[in-house]
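Engineer: Input structure: run30.pdb, which contains PDB, C-alpha atoms, pLDDT in the B column.
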ATOM      1  CA  MET A1148      34.795 -17.293  20.885  1.00 87.00           C
ATOM      2  CA  ILE A1149      31.417 -15.560  20.618  1.00 86.00           C
ATOM      3  CA  ASP A1150      30.990 -12.791  18.073  1.00 91.00           C
ATOM      4  CA  TRP A1151      28.943 -10.422  20.226  1.00 94.00           C
ATOM      5  CA  SER A1152      27.972  -8.100  17.390  1.00 94.00           C
ATOM      6  CA  LYS A1153      26.296 -10.928  15.455  1.00 92.00           C
ATOM      7  CA  PHE A1154      24.691 -12.135  18.695  1.00 93.00           C
ATOM      8  CA  ALA A1155      23.249  -8.645  19.234  1.00 95.00           C
ATOM      9  CA  ILE A1156      21.891  -8.572  15.664  1.00 93.00           C
ATOM     10  CA  VAL A1157      20.141 -11.918  16.142  1.00 90.00           C
ATOM     11  CA  ALA A1158      18.761 -10.821  19.517  1.00 94.00           C
ATOM     12  CA  GLY A1159      17.472  -7.583  17.987  1.00 94.00           C
ATOM     13  CA  VAL A1160      15.772  -9.354  15.089  1.00 91.00           C
ATOM     14  CA  VAL A1161      14.149 -11.848  17.449  1.00 93.00           C
ATOM     15  CA  LEU A1162      12.928  -9.041  19.704  1.00 95.00           C
ATOM     16  CA  LEU A1163      11.563  -7.098  16.741  1.00 93.00           C
ATOM     17  CA  ALA A1164       9.844 -10.160  15.277  1.00 92.00           C
ATOM     18  CA  SER A1165       8.312 -11.082  18.630  1.00 94.00           C
ATOM     19  CA  VAL A1166       6.675  -7.656  18.756  1.00 96.00           C
ATOM     20  CA  VAL A1167       5.783  -7.091  15.097  1.00 94.00           C
ATOM     21  CA  LEU A1168       4.303 -10.486  14.185  1.00 95.00           C
ATOM     22  CA  PRO A1169       1.789 -10.707  17.061  1.00 96.00           C
ATOM     23  CA  THR A1170       0.817  -7.101  16.360  1.00 97.00           C
ATOM     24  CA  PHE A1171       0.028  -7.868  12.728  1.00 97.00           C
ATOM     25  CA  TYR A1172      -1.762 -11.098  13.649  1.00 97.00           C
ATOM     26  CA  SER A1173      -3.916  -9.443  16.292  1.00 97.00           C
ATOM     27  CA  GLY A1174      -4.607  -6.561  13.930  1.00 95.00           C
ATOM     28  CA  GLY A1175      -5.739  -9.043  11.300  1.00 95.00           C
ATOM     29  CA  VAL A1176      -8.007 -10.817  13.757  1.00 94.00           C
ATOM     30  CA  ARG A1177      -9.448  -7.500  14.907  1.00 94.00           C
ATOM     31  CA  LEU A1178     -10.082  -6.295  11.357  1.00 92.00           C
ATOM     32  CA  LEU A1179     -11.623  -9.606  10.350  1.00 91.00           C
ATOM     33  CA  GLU A1180     -13.848  -9.646  13.425  1.00 91.00           C
ATOM     34  CA  THR A1181     -15.102  -6.095  12.907  1.00 87.00           C
ATOM     35  CA  SER A1182     -15.531  -6.375   9.137  1.00 79.00           C
ATOM     36  CA  GLY A1183     -18.626  -8.565   9.336  1.00 76.00           C
ATOM     37  CA  THR A1184     -19.986  -9.193   5.874  1.00 70.00           C
ATOM     38  CA  THR A1185     -20.127  -5.629   4.575  1.00 77.00           C
ATOM     39  CA  SER A1186     -16.716  -4.004   5.012  1.00 87.00           C
ATOM     40  CA  VAL A1187     -14.505  -5.055   2.122  1.00 91.00           C
ATOM     41  CA  PRO A1188     -11.592  -2.710   3.016  1.00 92.00           C
ATOM     42  CA  ALA A1189     -11.423  -4.112   6.558  1.00 91.00           C
ATOM     43  CA  ARG A1190     -11.416  -7.656   5.216  1.00 92.00           C
ATOM     44  CA  LEU A1191      -8.661  -6.822   2.728  1.00 94.00           C
ATOM     45  CA  GLY A1192      -6.651  -5.219   5.537  1.00 94.00           C
ATOM     46  CA  ALA A1193      -7.063  -8.360   7.620  1.00 94.00           C
ATOM     47  CA  TYR A1194      -5.873 -10.534   4.746  1.00 95.00           C
ATOM     48  CA  ALA A1195      -2.912  -8.209   4.238  1.00 97.00           C
ATOM     49  CA  CYS A1196      -1.967  -8.557   7.917  1.00 97.00           C
ATOM     50  CA  PHE A1197      -2.216 -12.346   7.705  1.00 97.00           C
ATOM     51  CA  SER A1198      -0.163 -12.333   4.505  1.00 97.00           C
ATOM     52  CA  ILE A1199       2.621 -10.420   6.246  1.00 96.00           C
ATOM     53  CA  CYS A1200       2.633 -12.987   9.057  1.00 96.00           C
ATOM     54  CA  ILE A1201       2.738 -15.904   6.623  1.00 96.00           C
ATOM     55  CA  ALA A1202       5.529 -14.278   4.609  1.00 96.00           C
ATOM     56  CA  ALA A1203       7.595 -13.698   7.757  1.00 94.00           C
ATOM     57  CA  VAL A1204       7.180 -17.316   8.868  1.00 93.00           C
ATOM     58  CA  LEU A1205       8.103 -18.644   5.424  1.00 93.00           C
ATOM     59  CA  PHE A1206      11.145 -16.357   5.286  1.00 92.00           C
ATOM     60  CA  GLY A1207      12.221 -17.608   8.719  1.00 89.00           C
ATOM     61  CA  LEU A1208      11.927 -21.199   7.537  1.00 91.00           C
ATOM     62  CA  TRP A1209      13.911 -20.348   4.419  1.00 91.00           C
ATOM     63  CA  VAL A1210      16.681 -18.848   6.542  1.00 88.00           C
ATOM     64  CA  ILE A1211      16.797 -21.805   8.938  1.00 90.00           C
ATOM     65  CA  ILE A1212      16.612 -24.715   6.453  1.00 91.00           C
ATOM     66  CA  PRO A1213      19.754 -24.896   4.305  1.00 87.00           C
ATOM     67  CA  GLN A1214      18.191 -27.113   1.610  1.00 88.00           C
ATOM     68  CA  PHE A1215      16.080 -24.142   0.498  1.00 82.00           C
ATOM     69  CA  HIS A1216      19.160 -22.095  -0.363  1.00 81.00           C
ATOM     70  CA  GLY A1217      20.037 -24.509  -3.174  1.00 70.00           C
TER
END
I need this file expressed as structure tokens, please.
Structural biologist:
Amino acid sequence: MIDWSKFAIVAGVVLLASVVLPTFYSGGVRLLETSGTTSVPARLGAYACFSICIAAVLFGLWVIIPQFHG
């Protein structure tokens, strides 16, 4: 039997991640593209956006792969 409440939680997390991660990635690309060589704060913001994306992907892999739970 399907536990619909857990199914709804997974669906909600997937929906949220499919909106948030591309937003951060595109924001990072935009900041990196507009920073040029002079704007250090924009470049740091871009790296922060990319770091959030990388952290989310690594956390997703950690959740999926049981050997990491060791």
Engineer: Do you have the atom CA of A:Leu1205-atom CA of A:Gly1217 distance handy?
Structural biologist: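 One can read the atom CA of A:Leu1205 to atom CA of A:Gly1217 distance as 15.8 Å.
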Engineer: Would you mind reading off the distance between atom CA of A:Val1160 and atom CA of A:Val1210, one decimal, in Å?
Structural biologist: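 Interatomic distance, atom CA of A:Val1160 to atom CA of A:Val1210: 12.8 Å.
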Engineer: Looking at A:Thr1184, A:Thr1170, A:Ser1152, A:Ser1165, which one is nearest to A:Cys1196, with distances taken over all atoms listed in the file?
Structural biologist: A:Thr1170
Engineer: Hey, which of A:Leu1179, A:Val1187, A:Leu1208, A:Cys1200 ends up closest to A:Val1166? Count all atoms listed in the file.
Structural biologist: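 Under the stated criterion, the closest residue is A:Cys1200.
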Engineer: How far is it from atom CA of A:Gly1192 to atom CA of A:Phe1206, in Å with one decimal?
Structural biologist: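 If I compute the distance from atom CA of A:Gly1192 to atom CA of A:Phe1206, I get 21.0 Å.
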